[in-house]
Each structure stands twice: as C-alpha cells, then as structure tokens.
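Novice: I have a structure I would like to understand better, so I am pasting it below and will then ask my questions one at a time.
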Amino acid sequence: MTSSAVASGGAMSMPRPARSRRSNLAVPGSSPKMLDKARGLPADQVFMDIEDAVAPLAKPEARKNIVAALNEGGYDGKVRAVRVNDWTTQWTYADVVEVVEGAGPNLDCIMLPKVQTADQIVALDLLLTQIEKSNGFEVGRIGIEAQIENAMGLINVDAIAAASPRVETIIFGPADFMASINMKSLVVGEQPPGYDVGDAYHYILMRILMAARAHDKLAIDGPYLAIKDVDGYRRVASRSAALGFDGKWVLHPGQVEAANEVYSPRQEDYDQAELILDAYAHYTSAEGGAKGAVMLGDEMIDEASRKMALVVAAKGRAAGMSRTTAFSPPD
Ligand code: GLV
Ligand code: MG
C-alpha cells in the first residue's frame, strides 16, 4: 500500500503469519452440508464462497450460513477464508460487512476475485480497517487473497501484490481468465486445442509467480474442473508446483490428498535440504573452519545452495514434515 493510503486509514504494515496453503478447498456458502463436511477434510485452507459458486438469489443466505459456520468453529489448523463478490458487482460491500462484522475474529482472510487494479485492494483494505476499528477487532489481522482473472489484472499484478500489507496470496483464476482473453478452450486446466508448441499458461503463471515472489506473497494455482480425473489434476498441479507455486485449489475431497502431496517437497528432497542447511551452518562457523564453499557428498554447496535449501525446508516444515536423517560433523 502506498504511504498516502496508509495515512488515509489502511492497515499498517504488520508481519503476516506463515501459512501452508498446498490445498485450497472451495466450498459454496449456500451449502451448510458442505460447509460442515469441510471441517473433517485435510485441506490447508477452506474458502467459503459467496461468488460464482452461489446463485444471485442465494447470496444473502450464503452470507448467513458462512457466519454461522465460522462462529461454530471446527476448522482448526486450517486457514479460514471467504470469497466475496468482486467490486464491479453490487454485492461486495455487503458481503464484507456482514461476514466480517458477524465472524471477524473467526476469519483469517477475505478472497477478492477478478482484481483488476491496486485500488481495488486498497478499497478492501480500507473497508476492513473500518470494520475492525468499529468492532474492536485487531486492526490488520485479516488478510487479503487476490484472484487474477483477466488481462487487466495480470497487467497490474505487480501493483496489486504491493497494494496492501494484508495481501497474502496471488491466485490464478483460469476459468475466468480463459474467457477474458478469448482463449479457444472450454476445458479448464488443459491446453487449448490447436496450441501444440508449449504450455499456453506459462506466461500467466510466471507473471503471477514473479509478482508474488517480488513482494513475498504466496502464489496459488486455480481450479481443475474435471474433478473425477485425479491423475489429470496431479499432472497439471505438478507443473505449477515445479515452477514454485505454493498450492492449488481443490473443488472436491478427492483432490485434497493430491494437492497436499504435489505441493510438499518429496521426503528425500526435504531431508537433503535440512542436511544442506546444517552442513552449511557448520562449515561456515569458526568451529567448522569458516569455509564459504564445501563438498557435501558429491555436491559443492555454497550460499546460493543454502538459499535453495531454505525454500524446500520451509515448504516441508510448513507442511509438518519431519526429517529422517541428521547431519553429523566429521571428527
Ligand atoms: C476461478 O475463480 C476461476 O475463474 O478459475
Ligand atoms: Mg473465477
């Protein structure tokens, strides 16, 4: 957020909690049954939807169901988010006011879809700040998740990521995105027929990833709509995971395990990362000889190796992994 926006009432900078978001489960707010079922699923994040999964006539009821579910609790260990409607509709302010006033302390993030400009993030930040102040909630605690779903949003993604300290994630919304750029495909997640020279989503994914990394946010991949095709889900998820994405949406309980697995490091990579960190800490210390580059097995490690290892170790730790090997310095 710009300093003038802070001066005019947005959230002041505060450290955001590190949260694992390998699997981001979409739950329509219109379904109390699904809101309840989500409690027992091993998803890192649950987001309760008032946007495209809920018909216009059902939106008022969905807000109420969501407030009731959040206040009843039972989502322990999960990030609790609510997706409101975007700022071009007539519903956004009422979604935010009703949900945050009704369940603010039991809510972690508001997800804003179809974000096109940084101003739209600033507007949400200002509204959240007022609600928090007037209800005596901790100011700035509720985060923002920004969905990039059209060309304008992608062009402005850098400013969107930097628009408020509340922003925690930048999310790719492939279905709306494909429609917005006239991509000739109806199968979300798969390549458009006729494009056979690469990955049609590569530029979009990389653009989002760069903005997220430049501003220290998580990058989240969007839905895969063929919910029964778990192998297809795994294949598509593996691509964004390989680039560096932190997680992906899940639309069905059957996709949760696949997401948790694909966006966690493999056990052997996690073990190796922890080993590199320990070995590097030892060898760079006075006790270990204050060396900058050393051999670990067949591999030379240096400061850049430490940084790479830190990424894998951090993902593994956030996912609750335990190491199965230990570093022992030579005598
Ligand atoms: C998700 O909101 C999408 O449009 O893909
Ligand atoms: Mg969408």
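Ordered as shown in the structure tokens, chains take letters A, B, and onward, while each chain numbers its residues from 1 and ligands are numbered from 1 in the order shown.
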I want to know what sits within 12 Å of A:Ser305, based on only C-alpha atoms, with residues of the same chain fewer than 2 positions away left out; could you give that as a list in words?
Specialist: Gln272, Ala273, Glu274, Leu275, Ile276, Leu277, Asp278, Ala279, Tyr280, Ala281, Gly292, Ala293, Val294, Met295, Leu296, Glu299, Met300, Ile301, Asp302, Glu303, Lys307, Met308, Ala309, Leu310, Val311, Val312 and Ala313 of chain A
Novice: Please write the residues from the selection above to a file, keeping C-alpha atoms, as a compact mmCIF listing (two decimals), in the first residue's frame.
Specialist:
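Now in out_21.txt:
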# COMPACT_ATOMS: atom_id res chain seq x y z
CA GLN A 272 18.60 -33.19 1.75
CA ALA A 273 17.55 -29.56 2.25
CA GLU A 274 17.78 -29.85 6.05
CA LEU A 275 21.12 -31.59 5.66
CA ILE A 276 22.49 -28.78 3.47
CA LEU A 277 21.35 -26.16 5.98
CA ASP A 278 23.01 -27.95 8.91
CA ALA A 279 26.19 -28.71 6.98
CA TYR A 280 26.49 -25.17 5.66
CA ALA A 281 25.91 -23.70 9.14
CA GLY A 292 32.34 -20.46 2.11
CA ALA A 293 32.09 -23.40 -0.29
CA VAL A 294 32.41 -27.03 0.75
CA MET A 295 31.66 -30.51 -0.52
CA LEU A 296 28.64 -32.32 0.88
CA GLU A 299 27.91 -31.85 -4.34
CA MET A 300 29.53 -28.50 -3.77
CA ILE A 301 27.43 -26.24 -1.57
CA ASP A 302 27.67 -22.50 -1.02
CA GLU A 303 25.48 -19.55 -0.02
CA LYS A 307 19.04 -20.25 -0.14
CA MET A 308 17.65 -23.01 -2.35
CA ALA A 309 17.66 -25.45 0.54
CA LEU A 310 15.84 -22.93 2.70
CA VAL A 311 12.94 -22.82 0.22
CA VAL A 312 12.49 -26.59 0.24
CA ALA A 313 12.99 -26.83 4.02
Novice: Taking the DSSP assignment computed from this structure's backbone, write out as a PyMOL selection string all residues of stretch 7-252 of chain A that belong to strand (DSSP E or B).
Specialist: chain A and resi 23-28+45-49+79-83+109-112+143-148+167-172+218-221+247-250
Novice: Those same residues - C-alpha atoms - I'd like them written as a PDB file, in the first residue's frame.
Specialist:
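Written file, result_26.pdb:
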ATOM      1  CA  SER A  23      -4.693 -27.410  -0.845  1.00  0.00           C
ATOM      2  CA  ASN A  24      -7.283 -24.601  -1.012  1.00  0.00           C
ATOM      3  CA  LEU A  25     -10.739 -26.141  -0.745  1.00  0.00           C
ATOM      4  CA  ALA A  26     -13.645 -24.285  -2.374  1.00  0.00           C
ATOM      5  CA  VAL A  27     -16.943 -24.631  -0.511  1.00  0.00           C
ATOM      6  CA  PRO A  28     -20.162 -22.966  -1.707  1.00  0.00           C
ATOM      7  CA  GLN A  45      -7.253 -23.774   3.559  1.00  0.00           C
ATOM      8  CA  VAL A  46     -11.019 -23.699   3.318  1.00  0.00           C
ATOM      9  CA  PHE A  47     -12.548 -20.846   1.385  1.00  0.00           C
ATOM     10  CA  MET A  48     -16.241 -20.307   1.712  1.00  0.00           C
ATOM     11  CA  ASP A  49     -17.699 -18.866  -1.457  1.00  0.00           C
ATOM     12  CA  VAL A  79      -6.779 -21.098   7.015  1.00  0.00           C
ATOM     13  CA  ARG A  80     -10.377 -19.804   7.001  1.00  0.00           C
ATOM     14  CA  ALA A  81     -11.131 -17.559   4.024  1.00  0.00           C
ATOM     15  CA  VAL A  82     -14.306 -16.159   2.489  1.00  0.00           C
ATOM     16  CA  ARG A  83     -14.544 -15.277  -1.197  1.00  0.00           C
ATOM     17  CA  CYS A 109      -8.693 -13.832   5.013  1.00  0.00           C
ATOM     18  CA  ILE A 110     -11.056 -12.268   2.527  1.00  0.00           C
ATOM     19  CA  MET A 111     -10.560 -13.508  -1.025  1.00  0.00           C
ATOM     20  CA  LEU A 112     -11.268 -10.837  -3.640  1.00  0.00           C
ATOM     21  CA  GLY A 143      -5.506 -10.874   5.211  1.00  0.00           C
ATOM     22  CA  ILE A 144      -6.453 -10.455   1.564  1.00  0.00           C
ATOM     23  CA  GLU A 145      -6.189 -13.058  -1.188  1.00  0.00           C
ATOM     24  CA  ALA A 146      -6.212 -11.550  -4.691  1.00  0.00           C
ATOM     25  CA  GLN A 147      -7.511 -13.537  -7.649  1.00  0.00           C
ATOM     26  CA  ILE A 148      -6.083 -12.575 -11.041  1.00  0.00           C
ATOM     27  CA  VAL A 167      -2.206  -9.283   0.743  1.00  0.00           C
ATOM     28  CA  GLU A 168      -1.117 -12.870   1.445  1.00  0.00           C
ATOM     29  CA  THR A 169      -1.723 -14.693  -1.823  1.00  0.00           C
ATOM     30  CA  ILE A 170      -1.962 -14.060  -5.550  1.00  0.00           C
ATOM     31  CA  ILE A 171      -4.250 -16.636  -7.142  1.00  0.00           C
ATOM     32  CA  PHE A 172      -4.652 -17.619 -10.795  1.00  0.00           C
ATOM     33  CA  LEU A 218       2.197 -16.976  -1.842  1.00  0.00           C
ATOM     34  CA  ALA A 219       1.384 -17.956  -5.445  1.00  0.00           C
ATOM     35  CA  ILE A 220      -1.655 -20.213  -5.764  1.00  0.00           C
ATOM     36  CA  ASP A 221      -2.837 -22.091  -8.855  1.00  0.00           C
ATOM     37  CA  GLY A 247      -0.627 -24.642  -3.726  1.00  0.00           C
ATOM     38  CA  LYS A 248      -3.731 -25.116  -5.821  1.00  0.00           C
ATOM     39  CA  TRP A 249      -7.477 -25.011  -5.458  1.00  0.00           C
ATOM     40  CA  VAL A 250      -9.359 -28.196  -4.779  1.00  0.00           C
TER      41      VAL A 250
END
Novice: Residues contacting ligand 1 - anything with an atom at most 10 Å away, using only C-alpha atoms and all ligand atoms - can you give me those as a ChimeraX atom specification?
Specialist: /A:26,51-53,83,112-114,147-150,171-180,188-189,221-225,249
Novice: Quick one: write out the picked residues with N, CA and C atoms as a compact mmCIF listing (two decimals), in the first residue's frame?
Specialist:
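Saved file selection.txt follows:
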# COMPACT_ATOMS: atom_id res chain seq x y z
N ALA A 26 -12.51 -25.17 -2.10
CA ALA A 26 -13.64 -24.28 -2.37
C ALA A 26 -14.92 -24.91 -1.82
N GLU A 51 -19.23 -16.01 -4.19
CA GLU A 51 -19.17 -15.54 -5.57
C GLU A 51 -19.76 -16.54 -6.56
N ASP A 52 -18.94 -17.03 -7.50
CA ASP A 52 -19.51 -17.73 -8.65
C ASP A 52 -20.13 -19.09 -8.36
N ALA A 53 -19.85 -19.67 -7.20
CA ALA A 53 -20.49 -20.96 -6.90
C ALA A 53 -21.87 -20.75 -6.24
N ARG A 83 -14.63 -16.00 0.08
CA ARG A 83 -14.54 -15.28 -1.20
C ARG A 83 -15.81 -14.44 -1.37
N LEU A 112 -10.62 -11.77 -2.72
CA LEU A 112 -11.27 -10.84 -3.64
C LEU A 112 -11.05 -11.33 -5.07
N PRO A 113 -12.15 -11.69 -5.77
CA PRO A 113 -11.99 -12.20 -7.13
C PRO A 113 -11.86 -11.07 -8.16
N LYS A 114 -11.40 -11.45 -9.36
CA LYS A 114 -11.38 -10.53 -10.52
C LYS A 114 -10.75 -9.18 -10.20
N GLN A 147 -7.41 -12.66 -6.47
CA GLN A 147 -7.51 -13.54 -7.65
C GLN A 147 -7.28 -12.73 -8.92
N ILE A 148 -6.38 -13.22 -9.75
CA ILE A 148 -6.08 -12.58 -11.04
C ILE A 148 -6.82 -13.38 -12.11
N GLU A 149 -7.81 -12.72 -12.75
CA GLU A 149 -8.73 -13.48 -13.60
C GLU A 149 -8.98 -12.82 -14.95
N ASN A 150 -8.22 -11.79 -15.26
CA ASN A 150 -8.38 -11.18 -16.58
C ASN A 150 -7.11 -10.42 -16.96
N ILE A 171 -3.63 -15.39 -6.67
CA ILE A 171 -4.25 -16.64 -7.14
C ILE A 171 -4.59 -16.53 -8.62
N PHE A 172 -4.26 -17.55 -9.38
CA PHE A 172 -4.65 -17.62 -10.79
C PHE A 172 -6.08 -18.16 -10.89
N GLY A 173 -6.94 -17.43 -11.61
CA GLY A 173 -8.32 -17.91 -11.84
C GLY A 173 -8.47 -18.30 -13.29
N PRO A 174 -8.15 -19.54 -13.64
CA PRO A 174 -8.07 -19.92 -15.06
C PRO A 174 -9.38 -19.83 -15.83
N ALA A 175 -10.50 -20.17 -15.19
CA ALA A 175 -11.76 -20.21 -15.95
C ALA A 175 -12.12 -18.81 -16.43
N ASP A 176 -12.18 -17.87 -15.49
CA ASP A 176 -12.50 -16.50 -15.90
C ASP A 176 -11.43 -15.93 -16.81
N PHE A 177 -10.17 -16.31 -16.54
CA PHE A 177 -9.07 -15.76 -17.34
C PHE A 177 -9.19 -16.21 -18.80
N MET A 178 -9.45 -17.50 -19.00
CA MET A 178 -9.56 -18.02 -20.36
C MET A 178 -10.68 -17.30 -21.10
N ALA A 179 -11.80 -17.08 -20.40
CA ALA A 179 -12.92 -16.37 -21.03
C ALA A 179 -12.51 -14.94 -21.36
N SER A 180 -11.79 -14.30 -20.44
CA SER A 180 -11.48 -12.87 -20.63
C SER A 180 -10.52 -12.61 -21.78
N VAL A 188 -10.99 -26.29 -18.43
CA VAL A 188 -10.11 -25.54 -17.55
C VAL A 188 -8.95 -26.41 -17.08
N GLY A 189 -7.77 -25.88 -17.22
CA GLY A 189 -6.58 -26.60 -16.76
C GLY A 189 -5.87 -27.31 -17.88
N ASP A 221 -2.24 -21.69 -7.58
CA ASP A 221 -2.84 -22.09 -8.85
C ASP A 221 -4.34 -22.31 -8.64
N GLY A 222 -5.11 -22.16 -9.71
CA GLY A 222 -6.57 -22.22 -9.61
C GLY A 222 -7.14 -23.61 -9.79
N PRO A 223 -8.43 -23.68 -10.10
CA PRO A 223 -9.12 -24.98 -10.12
C PRO A 223 -8.83 -25.84 -11.34
N TYR A 224 -9.05 -27.14 -11.16
CA TYR A 224 -9.05 -28.11 -12.26
C TYR A 224 -10.43 -28.73 -12.22
N LEU A 225 -11.19 -28.49 -13.29
CA LEU A 225 -12.63 -28.76 -13.19
C LEU A 225 -13.04 -30.22 -13.40
N TRP A 249 -6.11 -24.81 -5.92
CA TRP A 249 -7.48 -25.01 -5.46
C TRP A 249 -7.85 -26.48 -5.54
Novice: Could you pull out the residues in stretch 207-267 of chain A that DSSP calls alpha helix (DSSP H) from the backbone, as a PyMOL selection string?
Specialist: chain A and resi 207-214+230-243+253-262+267
Novice: Take the selection from the previous step and output its residues with N, CA, C and O atoms, as a compact mmCIF listing (two decimals), in the first residue's frame.
Specialist:
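This went into part-v4.txt:
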# COMPACT_ATOMS: atom_id res chain seq x y z
N ARG A 207 4.15 -14.83 -14.66
CA ARG A 207 3.91 -13.41 -14.33
C ARG A 207 3.38 -13.30 -12.89
O ARG A 207 3.79 -12.44 -12.12
N ILE A 208 2.45 -14.19 -12.55
CA ILE A 208 1.89 -14.20 -11.19
C ILE A 208 2.97 -14.57 -10.19
O ILE A 208 3.10 -13.94 -9.12
N LEU A 209 3.75 -15.57 -10.53
CA LEU A 209 4.80 -16.03 -9.61
C LEU A 209 5.84 -14.94 -9.35
O LEU A 209 6.27 -14.73 -8.20
N MET A 210 6.22 -14.22 -10.40
CA MET A 210 7.22 -13.14 -10.22
C MET A 210 6.67 -12.06 -9.28
O MET A 210 7.37 -11.58 -8.39
N ALA A 211 5.42 -11.67 -9.49
CA ALA A 211 4.84 -10.62 -8.63
C ALA A 211 4.74 -11.12 -7.19
O ALA A 211 5.05 -10.39 -6.24
N ALA A 212 4.34 -12.38 -7.04
CA ALA A 212 4.21 -12.93 -5.68
C ALA A 212 5.58 -12.96 -5.00
O ALA A 212 5.74 -12.52 -3.86
N ARG A 213 6.57 -13.46 -5.69
CA ARG A 213 7.90 -13.58 -5.07
C ARG A 213 8.52 -12.21 -4.81
O ARG A 213 9.18 -12.00 -3.81
N ALA A 214 8.30 -11.27 -5.75
CA ALA A 214 8.90 -9.94 -5.57
C ALA A 214 8.36 -9.27 -4.31
O ALA A 214 9.03 -8.45 -3.70
N VAL A 230 -8.32 -37.49 -11.07
CA VAL A 230 -7.28 -37.09 -10.09
C VAL A 230 -5.89 -37.15 -10.73
O VAL A 230 -5.02 -36.34 -10.40
N ASP A 231 -5.69 -38.06 -11.69
CA ASP A 231 -4.39 -38.11 -12.37
C ASP A 231 -4.17 -36.83 -13.18
O ASP A 231 -3.06 -36.28 -13.21
N GLY A 232 -5.22 -36.37 -13.83
CA GLY A 232 -5.13 -35.11 -14.59
C GLY A 232 -4.82 -33.96 -13.65
O GLY A 232 -3.99 -33.10 -13.95
N TYR A 233 -5.48 -33.96 -12.51
CA TYR A 233 -5.24 -32.91 -11.50
C TYR A 233 -3.76 -32.90 -11.10
O TYR A 233 -3.10 -31.87 -11.07
N ARG A 234 -3.29 -34.09 -10.82
CA ARG A 234 -1.91 -34.24 -10.37
C ARG A 234 -0.91 -33.75 -11.45
O ARG A 234 0.06 -33.07 -11.15
N ARG A 235 -1.22 -34.08 -12.69
CA ARG A 235 -0.34 -33.70 -13.80
C ARG A 235 -0.27 -32.18 -13.93
O ARG A 235 0.81 -31.59 -14.03
N VAL A 236 -1.44 -31.52 -13.90
CA VAL A 236 -1.47 -30.08 -14.07
C VAL A 236 -0.86 -29.38 -12.84
O VAL A 236 -0.10 -28.42 -12.96
N ALA A 237 -1.18 -29.90 -11.65
CA ALA A 237 -0.65 -29.31 -10.41
C ALA A 237 0.88 -29.42 -10.39
O ALA A 237 1.57 -28.50 -9.94
N SER A 238 1.39 -30.54 -10.88
CA SER A 238 2.84 -30.75 -10.83
C SER A 238 3.59 -29.69 -11.62
O SER A 238 4.71 -29.34 -11.28
N ARG A 239 2.94 -29.19 -12.68
CA ARG A 239 3.61 -28.15 -13.49
C ARG A 239 3.78 -26.87 -12.68
O ARG A 239 4.86 -26.30 -12.63
N SER A 240 2.71 -26.39 -12.03
CA SER A 240 2.87 -25.13 -11.29
C SER A 240 3.71 -25.34 -10.05
O SER A 240 4.46 -24.45 -9.63
N ALA A 241 3.62 -26.55 -9.46
CA ALA A 241 4.47 -26.84 -8.29
C ALA A 241 5.94 -26.79 -8.69
O ALA A 241 6.80 -26.29 -7.96
N ALA A 242 6.24 -27.31 -9.90
CA ALA A 242 7.64 -27.32 -10.35
C ALA A 242 8.15 -25.89 -10.55
O ALA A 242 9.31 -25.60 -10.29
N LEU A 243 7.28 -25.00 -11.00
CA LEU A 243 7.71 -23.61 -11.19
C LEU A 243 7.97 -22.91 -9.86
O LEU A 243 8.76 -21.99 -9.78
N PRO A 253 -13.25 -33.35 -2.49
CA PRO A 253 -12.41 -34.01 -1.49
C PRO A 253 -11.34 -34.91 -2.11
O PRO A 253 -10.23 -35.03 -1.58
N GLY A 254 -11.66 -35.49 -3.27
CA GLY A 254 -10.72 -36.42 -3.93
C GLY A 254 -9.44 -35.74 -4.39
O GLY A 254 -8.45 -36.41 -4.68
N GLN A 255 -9.45 -34.42 -4.50
CA GLN A 255 -8.24 -33.70 -4.97
C GLN A 255 -7.34 -33.25 -3.82
O GLN A 255 -6.20 -32.83 -4.06
N VAL A 256 -7.84 -33.35 -2.57
CA VAL A 256 -7.09 -32.77 -1.44
C VAL A 256 -5.74 -33.46 -1.22
O VAL A 256 -4.70 -32.81 -1.13
N GLU A 257 -5.78 -34.79 -1.17
CA GLU A 257 -4.54 -35.54 -0.91
C GLU A 257 -3.51 -35.27 -2.01
O GLU A 257 -2.33 -35.12 -1.73
N ALA A 258 -4.01 -35.22 -3.26
CA ALA A 258 -3.09 -35.00 -4.39
C ALA A 258 -2.41 -33.63 -4.25
O ALA A 258 -1.20 -33.50 -4.43
N ALA A 259 -3.19 -32.61 -3.88
CA ALA A 259 -2.59 -31.27 -3.72
C ALA A 259 -1.57 -31.27 -2.58
O ALA A 259 -0.47 -30.74 -2.73
N ASN A 260 -1.94 -31.87 -1.46
CA ASN A 260 -1.00 -31.87 -0.33
C ASN A 260 0.31 -32.55 -0.70
O ASN A 260 1.38 -32.14 -0.27
N GLU A 261 0.18 -33.60 -1.50
CA GLU A 261 1.39 -34.32 -1.88
C GLU A 261 2.21 -33.53 -2.91
O GLU A 261 3.42 -33.35 -2.75
N VAL A 262 1.53 -33.05 -3.95
CA VAL A 262 2.26 -32.40 -5.05
C VAL A 262 2.99 -31.13 -4.58
O VAL A 262 4.09 -30.83 -5.03
N GLN A 267 10.10 -36.47 0.38
CA GLN A 267 10.83 -36.70 1.64
C GLN A 267 12.34 -36.60 1.44
O GLN A 267 13.05 -35.97 2.22
Novice: Looking at only C-alpha atoms, which of A:Gly10, A:Pro60, A:Gly198, A:Pro15 is the one that sits closest to A:Glu132?
Specialist: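 Once distances to A:Glu132 are computed over only C-alpha atoms, the minimum belongs to A:Gly10.
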Novice: For atom CA of A:Tyr263 and atom CA of A:Leu154, determine how far apart the two atoms are, in Å to one decimal place.
Specialist: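 A separation of 23.4 Å between them.
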Novice: Pick the closest to ligand 2 from A:Glu72, A:Thr89, A:Arg16, A:Val115: which is it, counting only C-alpha atoms and all ligand atoms?
Specialist: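 Checking each candidate against ligand 2, we get A:Val115 as the closest.
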Novice: Would you mind telling me which residue in A:Leu124, A:Gly104, A:Ile204, A:Ala11 lies nearest to A:Gly136 when using only C-alpha atoms?
Specialist: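 When distances to A:Gly136 are compared using only C-alpha atoms, the smallest one comes from A:Gly104.
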Novice: For each of A:Ser264, A:Asn85, A:Asn156, A:Ser20, take the minimum atom-to-atom distance to ligand 2, counting only C-alpha atoms and all ligand atoms, then give the residue where this is smallest.
Specialist: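 Using only C-alpha atoms and all ligand atoms, the shortest distance to ligand 2 belongs to A:Asn85.
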Novice: Can you tell me how far atom CA of A:Ala62 sits from atom CA of A:Val139, in Å to one decimal?
Specialist: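 According to the coordinates, atom CA of A:Ala62 and atom CA of A:Val139 are separated by 25.5 Å.
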Novice: Which residue gives the smallest distance to A:Gly244 among A:Ala226, A:Leu205, A:Val157, A:Ala286, with only C-alpha atoms counted?
Specialist: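 Closest residue, counting only C-alpha atoms: A:Leu205.
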Novice: Fewer than 5 positions away in the same chain doesn't count, so skip those; otherwise give me all residues within 9 Å of A:Pro329, counting only C-alpha atoms, as a list in words.
Specialist: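 So, after excluding close chain neighbours, the residues are Ala279, His282, Tyr283 and Gly288 of chain A.
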Novice: Which one is closest to ligand 2: A:Val54, A:Arg22, A:Ala43, A:Val99? Count only C-alpha atoms and all ligand atoms.
Specialist: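 Counting only C-alpha atoms and all ligand atoms, the residue closest to ligand 2 is A:Val54.
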Novice: What is the atom CA of A:Met34 to atom CA of A:Ala55 distance in Å?
Specialist: 15.8 Å
